[in-house]
file target-v1.cif (mmCIF, C-alpha atoms and all ligand atoms)
data_work
loop_
_atom_site.label_atom_id
_atom_site.label_comp_id
_atom_site.auth_asym_id
_atom_site.auth_seq_id
_atom_site.Cartn_x
_atom_site.Cartn_y
_atom_site.Cartn_z
CA MET A 2 61.36 -32.22 42.70
CA ALA A 3 63.69 -29.93 40.83
CA THR A 4 65.19 -31.38 37.66
CA ASP A 5 68.97 -31.84 37.72
CA TYR A 6 69.73 -29.69 34.66
CA TYR A 7 73.47 -30.18 35.04
CA GLY A 8 72.94 -33.95 35.20
CA VAL A 9 70.83 -33.93 32.00
CA LEU A 10 73.93 -32.63 30.20
CA GLY A 11 76.17 -35.14 31.99
CA LEU A 12 77.83 -32.41 34.05
CA ALA A 13 78.55 -31.83 37.72
CA ARG A 14 76.99 -28.87 39.52
CA GLY A 15 78.82 -25.61 38.95
CA ALA A 16 80.18 -26.59 35.52
CA SER A 17 81.62 -23.68 33.54
CA ASP A 18 79.91 -21.96 30.60
CA THR A 19 82.41 -23.57 28.22
CA GLU A 20 81.73 -27.04 29.60
CA ILE A 21 77.98 -26.48 29.31
CA LYS A 22 78.28 -25.30 25.72
CA ARG A 23 80.56 -28.15 24.77
CA ALA A 24 78.35 -30.81 26.38
CA TYR A 25 75.24 -29.39 24.73
CA ARG A 26 76.80 -29.20 21.29
CA LYS A 27 78.01 -32.76 21.50
CA MET A 28 74.64 -34.13 22.64
CA ALA A 29 72.60 -31.97 20.29
CA ARG A 30 74.61 -33.26 17.35
CA ASP A 31 73.86 -36.86 18.32
CA LEU A 32 70.21 -36.34 19.22
CA HIS A 33 68.95 -33.71 16.77
CA PRO A 34 65.76 -34.96 15.05
CA ASP A 35 67.30 -34.17 11.67
CA VAL A 36 70.07 -36.70 12.22
CA ASN A 37 68.57 -39.18 14.67
CA PRO A 38 65.18 -40.65 13.70
CA ASP A 39 64.72 -42.55 17.00
CA PRO A 40 61.62 -41.12 18.82
CA GLY A 41 63.45 -41.50 22.15
CA ALA A 42 66.20 -39.28 20.82
CA LYS A 43 63.70 -36.55 20.02
CA GLU A 44 62.48 -36.55 23.60
CA ARG A 45 66.04 -36.55 24.92
CA PHE A 46 66.85 -33.70 22.56
CA GLY A 47 63.99 -31.69 24.07
CA GLU A 48 65.30 -32.32 27.60
CA VAL A 49 68.86 -31.49 26.65
CA SER A 50 67.83 -28.27 24.87
CA ARG A 51 65.73 -27.22 27.85
CA ALA A 52 68.62 -27.86 30.24
CA TYR A 53 70.95 -25.88 28.01
CA GLU A 54 68.50 -23.02 27.75
CA ALA A 55 68.08 -22.96 31.54
CA LEU A 56 71.81 -23.05 32.27
CA THR A 57 72.69 -20.31 29.79
CA ASP A 58 70.07 -17.89 31.12
CA PRO A 59 71.68 -16.12 34.10
CA GLU A 60 68.40 -15.70 36.01
CA LYS A 61 67.29 -19.32 35.47
CA ARG A 62 70.75 -20.57 36.34
CA ARG A 63 70.69 -18.59 39.59
CA ILE A 64 67.44 -20.36 40.54
CA ILE A 65 68.96 -23.75 39.67
CA ASP A 66 72.10 -23.04 41.68
CA LEU A 67 69.86 -22.18 44.64
CA GLY A 68 68.26 -25.63 44.32
CA GLY A 69 65.08 -24.52 42.54
CA ASP A 70 63.57 -25.20 39.16
CA PRO A 71 63.05 -22.14 36.94
CA TYR A 72 60.33 -23.93 34.95
CA GLU A 73 58.22 -24.86 37.97
CA THR A 74 57.51 -21.30 39.06
CA GLY A 75 55.60 -20.47 35.87
CA GLY A 76 58.19 -17.80 35.23
CA GLY A 77 60.08 -19.70 32.57
CA ARG A 78 58.93 -20.12 29.03
CA GLY A 79 59.34 -23.90 28.99
CA GLY A 80 60.04 -26.00 25.98
CA SER A 81 62.96 -26.26 23.70
CA PRO A 82 64.25 -23.54 21.41
CA PHE A 83 62.73 -25.46 18.49
CA GLY A 84 59.28 -24.07 19.03
CA ASN A 85 57.51 -26.96 20.76
CA ALA A 86 56.90 -24.69 23.71
CA ALA A 87 53.45 -26.14 24.39
CA GLY A 88 52.82 -29.10 26.67
CA PHE A 89 51.90 -29.66 30.26
CA GLY A 90 54.09 -28.05 32.84
CA GLY A 91 53.04 -27.93 36.46
CA LEU A 92 49.83 -28.67 38.35
CA GLY A 93 48.23 -25.44 37.15
CA ASP A 94 48.17 -26.70 33.57
CA ILE A 95 46.48 -29.94 34.59
CA MET A 96 43.81 -27.99 36.51
CA ASP A 97 43.35 -25.80 33.46
CA ALA A 98 42.73 -28.87 31.35
CA PHE A 99 39.92 -30.09 33.64
CA PHE A 100 38.28 -26.90 34.74
CA GLY A 101 39.39 -24.28 32.30
CA GLY A 102 41.59 -22.58 34.84
CA ALA A 103 40.69 -23.56 38.40
CA GLY A 104 44.33 -23.36 39.37
CA GLY A 105 43.59 -19.94 40.75
CA GLY A 106 45.75 -17.40 42.45
CA ARG A 107 47.93 -16.77 39.44
CA GLY A 108 46.76 -13.25 38.84
CA PRO A 109 46.92 -11.35 35.57
CA ARG A 110 49.64 -12.36 33.19
CA GLY A 111 51.94 -9.79 31.67
CA ARG A 112 51.04 -8.26 28.34
CA THR A 113 54.58 -8.86 27.27
CA ARG A 114 55.46 -12.31 26.00
CA GLU A 115 58.55 -13.80 24.40
CA GLY A 116 58.70 -13.86 20.62
CA GLU A 117 58.71 -16.94 18.41
CA ASP A 118 61.82 -18.58 17.06
CA ALA A 119 62.21 -18.44 13.30
CA LEU A 120 63.89 -20.72 10.77
CA ILE A 121 65.39 -19.75 7.44
CA ARG A 122 67.41 -21.79 4.96
CA VAL A 123 70.53 -20.63 3.22
CA GLU A 124 72.16 -22.30 0.19
CA LEU A 125 75.94 -22.50 0.18
CA ASP A 126 78.57 -23.91 -2.16
CA LEU A 127 80.91 -26.66 -1.03
CA ASP A 128 83.93 -24.37 -0.63
CA GLU A 129 81.82 -22.13 1.64
CA THR A 130 80.75 -24.98 3.93
CA VAL A 131 84.27 -26.43 3.99
CA PHE A 132 86.16 -23.21 4.65
CA GLY A 133 83.41 -21.17 6.34
CA THR A 134 82.05 -17.87 5.10
CA THR A 135 80.09 -14.79 6.05
CA THR A 136 76.76 -14.45 4.30
CA GLU A 137 73.51 -12.55 4.75
CA VAL A 138 69.95 -13.66 5.22
CA THR A 139 66.89 -11.49 4.67
CA VAL A 140 63.88 -12.27 6.85
CA ASP A 141 60.39 -10.88 7.15
CA THR A 142 59.96 -10.65 10.87
CA ALA A 143 58.31 -8.76 13.72
CA VAL A 144 60.41 -5.94 15.14
CA LEU A 145 59.79 -3.52 17.97
CA CYS A 146 57.36 -0.70 17.06
CA ASP A 147 59.40 2.49 16.98
CA VAL A 148 56.42 4.75 17.77
CA CYS A 149 55.45 3.18 21.14
CA THR A 150 58.66 1.14 21.73
CA GLY A 151 56.53 -1.89 22.50
CA ALA A 152 54.03 -0.34 24.92
CA GLY A 153 51.18 -0.50 22.37
CA THR A 154 49.71 2.83 23.53
CA ALA A 155 49.27 5.98 21.48
CA PRO A 156 51.82 8.68 22.43
CA GLY A 157 50.85 10.41 25.69
CA THR A 158 48.29 7.74 26.72
CA HIS A 159 48.45 4.83 29.18
CA PRO A 160 46.85 1.38 29.60
CA GLU A 161 43.80 1.25 31.88
CA THR A 162 42.55 -1.38 34.30
CA CYS A 163 40.15 -3.82 32.63
CA SER A 164 36.59 -3.24 33.89
CA THR A 165 35.41 -6.80 33.16
CA CYS A 166 37.83 -8.45 35.60
CA ASN A 167 38.84 -5.39 37.63
CA GLY A 168 42.44 -6.01 36.70
CA ARG A 169 42.59 -9.59 38.00
CA GLY A 170 42.95 -11.09 34.53
CA GLU A 171 40.43 -13.84 35.16
CA VAL A 172 36.67 -14.19 35.57
CA GLN A 173 35.02 -16.79 37.82
CA SER A 174 32.01 -19.06 37.40
CA VAL A 175 30.53 -21.99 39.34
CA GLN A 176 30.80 -25.34 37.59
CA ARG A 177 29.67 -28.86 38.43
CA SER A 178 32.27 -31.58 38.06
CA PHE A 179 32.99 -35.07 39.37
CA LEU A 180 34.51 -33.38 42.41
CA GLY A 181 31.27 -31.54 43.18
CA GLN A 182 30.76 -27.82 42.73
CA VAL A 183 33.89 -25.91 42.00
CA ILE A 184 34.52 -22.30 41.36
CA ALA A 185 36.31 -22.19 38.05
CA SER A 186 38.17 -19.19 36.86
CA ARG A 187 39.05 -18.64 33.25
CA PRO A 188 41.11 -16.01 31.50
CA CYS A 189 39.27 -12.70 31.05
CA PRO A 190 38.10 -12.50 27.42
CA THR A 191 38.11 -8.68 27.39
CA CYS A 192 41.78 -8.17 28.26
CA GLN A 193 43.17 -11.63 27.27
CA ALA A 194 44.02 -12.17 30.95
CA THR A 195 46.36 -9.21 31.14
CA GLY A 196 44.15 -7.17 33.50
CA GLN A 197 44.68 -4.11 31.35
CA VAL A 198 43.11 -2.62 28.25
CA ILE A 199 44.56 -0.04 25.90
CA PRO A 200 41.88 2.59 25.19
CA ASN A 201 44.06 4.48 22.70
CA PRO A 202 46.17 1.98 20.76
CA CYS A 203 49.35 3.06 19.02
CA PRO A 204 48.46 4.11 15.46
CA LYS A 205 51.40 2.27 13.93
CA CYS A 206 51.15 -1.20 15.55
CA ALA A 207 47.46 -1.15 16.63
CA GLY A 208 48.51 -1.97 20.20
CA ASP A 209 50.63 -5.06 19.45
CA GLY A 210 53.90 -3.30 20.29
CA ARG A 211 55.61 -4.71 17.17
CA VAL A 212 55.44 -4.28 13.42
CA ARG A 213 56.38 -6.44 10.42
CA SER A 214 59.64 -5.55 8.83
CA ARG A 215 62.19 -6.98 6.43
CA ARG A 216 65.67 -7.10 7.83
CA THR A 217 69.01 -8.33 6.54
CA ILE A 218 71.21 -10.10 9.06
CA PRO A 219 74.87 -11.09 8.62
CA VAL A 220 75.57 -14.76 9.38
CA LYS A 221 78.98 -16.16 10.16
CA VAL A 222 79.13 -19.75 8.89
CA PRO A 223 81.81 -21.81 10.68
CA ALA A 224 84.20 -23.95 8.62
CA GLY A 225 83.04 -27.56 8.38
CA VAL A 226 79.25 -27.12 8.61
CA GLU A 227 77.22 -29.79 6.88
CA ASP A 228 73.99 -29.88 4.94
CA GLY A 229 71.05 -29.72 7.37
CA MET A 230 72.92 -28.14 10.27
CA ARG A 231 71.41 -25.11 11.97
CA ILE A 232 73.21 -22.00 13.16
CA ARG A 233 71.49 -20.27 16.06
CA LEU A 234 71.37 -16.47 16.13
CA ALA A 235 70.14 -15.66 19.62
CA GLY A 236 67.67 -12.78 19.75
CA TYR A 237 67.20 -12.51 15.95
CA GLY A 238 63.76 -14.19 15.92
CA GLU A 239 60.44 -12.37 16.19
CA VAL A 240 59.90 -9.72 18.84
CA GLY A 241 57.14 -10.92 21.18
CA PRO A 242 53.65 -9.43 21.70
CA GLY A 243 53.76 -6.26 23.76
CA GLY A 244 57.38 -5.74 22.71
CA GLY A 245 58.53 -8.92 24.51
CA PRO A 246 62.07 -10.27 24.08
CA ALA A 247 62.84 -11.64 20.63
CA GLY A 248 63.07 -15.35 19.96
CA ASP A 249 66.03 -16.89 18.17
CA LEU A 250 66.68 -17.21 14.46
CA TYR A 251 67.91 -20.56 13.16
CA VAL A 252 69.73 -20.58 9.86
CA GLU A 253 69.65 -24.02 8.24
CA VAL A 254 72.48 -24.79 5.85
CA ARG A 255 71.72 -26.34 2.45
CA GLU A 256 74.82 -27.40 0.56
CA ARG A 257 74.59 -27.12 -3.24
CA PRO A 258 75.85 -30.22 -5.07
CA HIS A 259 79.40 -29.78 -6.44
CA ASP A 260 80.37 -30.72 -10.01
CA VAL A 261 83.38 -32.79 -8.99
CA PHE A 262 83.28 -33.56 -5.27
CA THR A 263 80.67 -35.33 -3.18
CA ARG A 264 80.76 -35.03 0.56
CA ASP A 265 80.43 -37.65 3.26
CA GLY A 266 80.76 -35.87 6.60
CA GLU A 267 84.31 -34.61 6.84
CA ASP A 268 85.52 -36.63 3.81
CA LEU A 269 85.27 -35.64 0.16
CA HIS A 270 85.12 -38.08 -2.76
CA CYS A 271 85.79 -37.73 -6.47
CA ARG A 272 86.24 -40.03 -9.48
CA VAL A 273 89.13 -39.90 -11.93
CA THR A 274 89.15 -41.85 -15.20
CA LEU A 275 92.51 -43.26 -16.39
CA PRO A 276 93.43 -44.77 -19.76
CA MET A 277 94.33 -48.46 -19.51
CA THR A 278 97.90 -47.75 -20.57
CA ALA A 279 98.45 -45.08 -17.89
CA ALA A 280 97.09 -47.45 -15.24
CA ALA A 281 99.45 -50.20 -16.40
CA LEU A 282 102.55 -48.02 -16.78
CA GLY A 283 101.98 -45.49 -13.97
CA THR A 284 101.87 -41.70 -14.30
CA THR A 285 101.44 -38.43 -12.40
CA LEU A 286 98.20 -36.46 -12.74
CA LYS A 287 97.36 -32.88 -11.83
CA LEU A 288 94.22 -32.89 -9.70
CA GLU A 289 92.35 -29.70 -8.90
CA THR A 290 91.30 -29.87 -5.24
CA LEU A 291 89.59 -27.25 -3.05
CA ASP A 292 93.11 -26.36 -1.84
CA GLY A 293 94.58 -25.91 -5.32
CA VAL A 294 96.28 -28.22 -7.82
CA GLU A 295 97.90 -31.34 -6.35
CA ASP A 296 100.11 -34.00 -7.93
CA LEU A 297 98.48 -37.41 -7.87
CA THR A 298 100.89 -40.31 -8.30
CA ILE A 299 99.41 -43.30 -10.13
CA LYS A 300 101.54 -46.39 -9.50
CA ALA A 301 102.25 -48.81 -12.33
CA GLY A 302 99.67 -51.60 -12.29
CA THR A 303 96.85 -49.54 -10.74
CA GLN A 304 93.53 -51.40 -10.81
CA SER A 305 90.16 -49.94 -11.65
CA GLY A 306 88.22 -49.23 -8.44
CA SER A 307 91.29 -48.48 -6.34
CA VAL A 308 91.18 -45.42 -4.11
CA LEU A 309 93.91 -42.87 -3.42
CA THR A 310 93.73 -40.82 -0.23
CA LEU A 311 94.86 -37.21 -0.03
CA ARG A 312 95.11 -36.65 3.71
CA ALA A 313 93.66 -33.47 5.25
CA HIS A 314 92.13 -32.30 1.95
CA GLY A 315 88.56 -32.80 3.19
CA ALA A 316 86.35 -30.63 5.42
CA PRO A 317 87.46 -29.46 8.89
CA ARG A 318 86.08 -31.43 11.81
CA LEU A 319 83.53 -29.35 13.75
CA ARG A 320 84.22 -31.56 16.75
CA GLY A 321 87.91 -31.84 17.38
CA THR A 322 90.73 -30.64 15.20
CA GLY A 323 92.15 -31.34 11.78
CA ARG A 324 90.45 -32.09 8.49
CA GLY A 325 88.99 -35.12 6.77
CA ASN A 326 90.47 -36.68 3.65
CA LEU A 327 89.91 -36.45 -0.07
CA LEU A 328 89.35 -39.93 -1.53
CA VAL A 329 90.07 -40.26 -5.24
CA HIS A 330 88.33 -43.25 -6.85
CA LEU A 331 90.09 -44.45 -9.98
CA ASP A 332 88.25 -45.84 -13.00
CA VAL A 333 90.48 -47.55 -15.56
CA GLN A 334 89.05 -47.16 -19.03
CA THR A 335 89.25 -49.95 -21.56
CA PRO A 336 89.51 -48.51 -25.10
CA THR A 337 86.33 -48.99 -27.10
CA ARG A 338 87.65 -48.16 -30.58
CA ILE A 339 91.10 -49.35 -31.66
CA ASP A 340 92.56 -49.42 -35.13
CA GLY A 341 94.50 -52.27 -36.78
CA ARG A 342 97.93 -51.30 -35.47
CA GLN A 343 96.71 -50.91 -31.87
CA SER A 344 94.92 -54.23 -32.10
CA GLU A 345 98.13 -55.83 -33.40
CA LEU A 346 100.12 -54.45 -30.47
CA LEU A 347 97.59 -55.68 -27.94
CA ARG A 348 97.59 -59.16 -29.50
CA GLU A 349 101.36 -59.19 -29.35
CA LEU A 350 101.20 -58.11 -25.70
CA ALA A 351 98.70 -60.86 -24.96
CA GLY A 352 101.01 -63.36 -26.60
CA LEU A 353 103.99 -62.15 -24.57
CA ARG A 354 101.95 -62.50 -21.38
CA GLY A 355 100.82 -66.00 -22.35
CA GLU A 356 97.19 -64.94 -22.44
CA ASP A 357 95.12 -67.10 -24.82
CA LEU A 358 92.48 -64.94 -26.51
CA THR A 359 90.49 -67.73 -28.21
CA ASP A 360 89.04 -69.49 -25.17
CA GLY A 361 88.94 -69.15 -21.41
CA ASN A 362 91.41 -71.99 -20.74
CA SER A 363 94.96 -70.88 -20.64
CA ALA A 364 97.61 -73.45 -19.88
CA ASN A 365 99.72 -70.92 -18.03
CA HIS A 366 97.01 -69.53 -15.83
CA GLY A 367 94.79 -72.48 -15.05
CA GLY A 368 91.54 -71.21 -16.58
CA LEU A 369 89.15 -68.32 -16.41
CA PHE A 370 88.41 -68.64 -12.72
CA THR A 371 92.06 -68.25 -11.79
CA ARG A 372 92.35 -65.18 -13.95
CA VAL A 373 89.32 -63.61 -12.28
CA ARG A 374 90.88 -64.36 -8.91
CA ASP A 375 94.22 -62.92 -10.00
CA ALA A 376 92.51 -59.76 -11.13
CA PHE A 377 91.08 -59.28 -7.65
CA ASN A 378 94.42 -59.97 -6.05
CA GLY A 379 95.97 -57.31 -8.22
CA ARG A 380 98.43 -59.53 -10.03
ZN ZN A 401 53.30 0.95 18.40
ZN ZN A 402 39.95 -8.25 32.02
#

call {"tool": "encode", "arguments": {"input": "target-v1.cif", "output": "structure tokens", "more": "lines below"}}
Ligand SMILES: [Zn+2]
Ligand SMILES: [Zn+2]
result
Amino acid sequence: MATDYYGVLGLARGASDTEIKRAYRKMARDLHPDVNPDPGAKERFGEVSRAYEALTDPEKRRIIDLGGDPYETGGGRGGSPFGNAAGFGGLGDIMDAFFGGAGGGRGPRGRTREGEDALIRVELDLDETVFGTTTEVTVDTAVLCDVCTGAGTAPGTHPETCSTCNGRGEVQSVQRSFLGQVIASRPCPTCQATGQVIPNPCPKCAGDGRVRSRRTIPVKVPAGVEDGMRIRLAGYGEVGPGGGPAGDLYVEVRERPHDVFTRDGEDLHCRVTLPMTAAALGTTLKLETLDGVEDLTIKAGTQSGSVLTLRAHGAPRLRGTGRGNLLVHLDVQTPTRIDGRQSELLRELAGLRGEDLTDGNSANHGGLFTRVRDAFNGR
């Protein structure tokens, strides 16, 4: 039975490209193995990625819309874009596992195959991940051979039919099995099941159709990306054997730690230390944020550990609109070295407030416990 690829993404048949993209992005963000350690999520992620891949490929989508399954014909590449392309597909694979290829009737396979996906990491500063940037990555990859443009043949020559298998791509032998005698066919070792050999390989790529090359690729990083997220550059992976279509390049973002701000999703955090007197009397501070200098109003009587929120000074939300907040954690500093005059003033202050410094029992405040409680209540 054909898989309901629309249903896997929670969509109705005939959903638009935008709806497909949106549904995939939402699910991939919840299920990606980097963020969701649940083994069930990994499997779901594979299904979701496969459905997305199928629905964004015009030819595969045409087959789906006609009621078929592009992965059941053997024409698809199967697997998710994260490289776990192996695994059992249809009945042919199961027959292969028992008999080394008794599925039969599949004929020679093309010399051209799709290229591998590639992954590269890029380190970015906090202001680059928050506001987005354009950067470059340099990758060593396989590109199309410019001498033979992927054909693998020396100029002016052509592939020839393989004489071992007469172009069928497979060779047959009789095997005994628990089902009795079966004629098993296996891929032709001479031509790697392609049915063709190249008598005069291209001098540059030795017949592979591709060569190693270093290339520099511009990458647009959207505002709000987080550490560990991957940006997909379709068609920037390795060119396949025989000059086959290139895989995709995934650019994984690594966010460098910032001197002042730490990040928690769309919110930023920082710590500010206040002198005891400023916390008691109140003041206005200049705080350097990613958006420039902001006035931070400290109310009189501010307690250590309190948090001020600067709305919309965090990172943009990748899903939805708007920005997160900047949370400023305040640490009130008790002076460690005070001279005689300062000590005198503090004693006088304590006296005025009825605070007994010699023992924990103050008549006015009902003992140490009450004072601890009052401190928490912000009195
Ligand atoms: Zn070549
Ligand atoms: Zn052959």

call {"tool": "atom_distance", "arguments": {"input": "target-v1.cif", "atom1": "atom CA of A:Thr134", "atom2": "atom CA of A:Val254"}}
result
11.8 Å

call {"tool": "residues_near_ligand", "arguments": {"input": "target-v1.cif", "ligand": "ligand ZN 402 (chain A)", "cutoff": "12 Å", "atoms": "only C-alpha atoms and all ligand atoms", "output": "compact mmCIF listing (two decimals) with C-alpha atoms, in the frame of the given file"}}
result
# COMPACT_ATOMS: atom_id res chain seq x y z
CA GLY A 108 46.76 -13.25 38.84
CA PRO A 109 46.92 -11.35 35.57
CA ARG A 110 49.64 -12.36 33.19
CA ARG A 112 51.04 -8.26 28.34
CA GLU A 161 43.80 1.25 31.88
CA THR A 162 42.55 -1.38 34.30
CA CYS A 163 40.15 -3.82 32.63
CA SER A 164 36.59 -3.24 33.89
CA THR A 165 35.41 -6.80 33.16
CA CYS A 166 37.83 -8.45 35.60
CA ASN A 167 38.84 -5.39 37.63
CA GLY A 168 42.44 -6.01 36.70
CA ARG A 169 42.59 -9.59 38.00
CA GLY A 170 42.95 -11.09 34.53
CA GLU A 171 40.43 -13.84 35.16
CA VAL A 172 36.67 -14.19 35.57
CA GLN A 173 35.02 -16.79 37.82
CA ARG A 187 39.05 -18.64 33.25
CA PRO A 188 41.11 -16.01 31.50
CA CYS A 189 39.27 -12.70 31.05
CA PRO A 190 38.10 -12.50 27.42
CA THR A 191 38.11 -8.68 27.39
CA CYS A 192 41.78 -8.17 28.26
CA GLN A 193 43.17 -11.63 27.27
CA ALA A 194 44.02 -12.17 30.95
CA THR A 195 46.36 -9.21 31.14
CA GLY A 196 44.15 -7.17 33.50
CA GLN A 197 44.68 -4.11 31.35
CA VAL A 198 43.11 -2.62 28.25
CA ILE A 199 44.56 -0.04 25.90

call {"tool": "closest_residue", "arguments": {"input": "target-v1.cif", "among": "A:Asp357, A:Asp118, A:Asp209, A:Asp126", "to": "A:Thr154", "atoms": "all atoms listed in the file"}}
result
A:Asp209

call {"tool": "closest_atom_pairs", "arguments": {"input": "target-v1.cif", "of": "chain A", "to": "ligand ZN 401 (chain A)", "cutoff": "8 Å", "atoms": "all atoms listed in the file", "output": "Markdown table"}}
result
| residue | atom | partner | partner_atom | distance |
| --- | --- | --- | --- | --- |
| A:Leu145 | CA | A:ZN401 | ZN | 7.9 |
| A:Cys146 | CA | A:ZN401 | ZN | 4.6 |
| A:Asp147 | CA | A:ZN401 | ZN | 6.4 |
| A:Val148 | CA | A:ZN401 | ZN | 5.0 |
| A:Cys149 | CA | A:ZN401 | ZN | 4.1 |
| A:Thr150 | CA | A:ZN401 | ZN | 6.3 |
| A:Gly151 | CA | A:ZN401 | ZN | 5.9 |
| A:Ala152 | CA | A:ZN401 | ZN | 6.7 |
| A:Gly153 | CA | A:ZN401 | ZN | 4.7 |
| A:Thr154 | CA | A:ZN401 | ZN | 6.5 |
| A:Ala155 | CA | A:ZN401 | ZN | 7.1 |
| A:Pro202 | CA | A:ZN401 | ZN | 7.6 |
| A:Cys203 | CA | A:ZN401 | ZN | 4.5 |
| A:Pro204 | CA | A:ZN401 | ZN | 6.5 |
| A:Lys205 | CA | A:ZN401 | ZN | 5.0 |
| A:Cys206 | CA | A:ZN401 | ZN | 4.2 |
| A:Ala207 | CA | A:ZN401 | ZN | 6.5 |
| A:Gly208 | CA | A:ZN401 | ZN | 5.9 |
| A:Asp209 | CA | A:ZN401 | ZN | 6.7 |
| A:Gly210 | CA | A:ZN401 | ZN | 4.7 |
| A:Arg211 | CA | A:ZN401 | ZN | 6.2 |
| A:Val212 | CA | A:ZN401 | ZN | 7.5 |

call {"tool": "closest_residue", "arguments": {"input": "target-v1.cif", "among": "A:Tyr53, A:Leu180, A:Arg63, A:Pro223", "to": "A:Thr135", "atoms": "all atoms listed in the file"}}
result
A:Pro223

call {"tool": "closest_residue", "arguments": {"input": "target-v1.cif", "among": "A:Glu289, A:Asp332, A:Glu124, A:Asp39", "to": "A:Thr303", "atoms": "all atoms listed in the file"}}
result
A:Asp332

call {"tool": "closest_residue", "arguments": {"input": "target-v1.cif", "among": "A:Thr263, A:Asn37, A:Gln304, A:Ser50", "to": "A:Val333", "atoms": "all atoms listed in the file"}}
result
A:Gln304

call {"tool": "closest_residue", "arguments": {"input": "target-v1.cif", "among": "A:Thr310, A:Thr290, A:Gln334, A:Thr298", "to": "A:Met277", "atoms": "only C-alpha atoms"}}
result
A:Gln334

call {"tool": "build_atoms", "arguments": {"input": "target-v1.cif", "residues": "stretch 282-293 of chain A", "atoms": "N, CA and C atoms", "output": "PDB file, in the frame of the given file"}}
result
ATOM      1  N   LEU A 282     101.176 -48.516 -16.800  1.00  0.00           N
ATOM      2  CA  LEU A 282     102.550 -48.020 -16.780  1.00  0.00           C
ATOM      3  C   LEU A 282     102.854 -47.077 -15.617  1.00  0.00           C
ATOM      4  N   GLY A 283     101.790 -46.474 -15.054  1.00  0.00           N
ATOM      5  CA  GLY A 283     101.980 -45.490 -13.970  1.00  0.00           C
ATOM      6  C   GLY A 283     102.171 -44.104 -14.561  1.00  0.00           C
ATOM      7  N   THR A 284     101.760 -43.081 -13.815  1.00  0.00           N
ATOM      8  CA  THR A 284     101.870 -41.700 -14.300  1.00  0.00           C
ATOM      9  C   THR A 284     101.647 -40.738 -13.120  1.00  0.00           C
ATOM     10  N   THR A 285     101.782 -39.442 -13.396  1.00  0.00           N
ATOM     11  CA  THR A 285     101.440 -38.430 -12.400  1.00  0.00           C
ATOM     12  C   THR A 285     100.379 -37.514 -12.994  1.00  0.00           C
ATOM     13  N   LEU A 286      99.293 -37.312 -12.259  1.00  0.00           N
ATOM     14  CA  LEU A 286      98.200 -36.460 -12.740  1.00  0.00           C
ATOM     15  C   LEU A 286      98.147 -35.185 -11.926  1.00  0.00           C
ATOM     16  N   LYS A 287      97.652 -34.121 -12.569  1.00  0.00           N
ATOM     17  CA  LYS A 287      97.360 -32.880 -11.830  1.00  0.00           C
ATOM     18  C   LYS A 287      95.888 -32.927 -11.438  1.00  0.00           C
ATOM     19  N   LEU A 288      95.617 -32.840 -10.158  1.00  0.00           N
ATOM     20  CA  LEU A 288      94.220 -32.890  -9.700  1.00  0.00           C
ATOM     21  C   LEU A 288      93.873 -31.571  -9.025  1.00  0.00           C
ATOM     22  N   GLU A 289      92.786 -30.957  -9.511  1.00  0.00           N
ATOM     23  CA  GLU A 289      92.350 -29.700  -8.900  1.00  0.00           C
ATOM     24  C   GLU A 289      91.510 -30.004  -7.662  1.00  0.00           C
ATOM     25  N   THR A 290      92.033 -29.651  -6.494  1.00  0.00           N
ATOM     26  CA  THR A 290      91.300 -29.870  -5.240  1.00  0.00           C
ATOM     27  C   THR A 290      90.801 -28.523  -4.744  1.00  0.00           C
ATOM     28  N   LEU A 291      90.064 -28.523  -3.616  1.00  0.00           N
ATOM     29  CA  LEU A 291      89.590 -27.250  -3.050  1.00  0.00           C
ATOM     30  C   LEU A 291      90.775 -26.414  -2.561  1.00  0.00           C
ATOM     31  N   ASP A 292      91.929 -27.064  -2.331  1.00  0.00           N
ATOM     32  CA  ASP A 292      93.110 -26.360  -1.840  1.00  0.00           C
ATOM     33  C   ASP A 292      94.095 -26.011  -2.958  1.00  0.00           C
ATOM     34  N   GLY A 293      93.672 -26.193  -4.212  1.00  0.00           N
ATOM     35  CA  GLY A 293      94.580 -25.910  -5.320  1.00  0.00           C
ATOM     36  C   GLY A 293      94.974 -27.201  -6.027  1.00  0.00           C
TER      37      GLY A 293
END
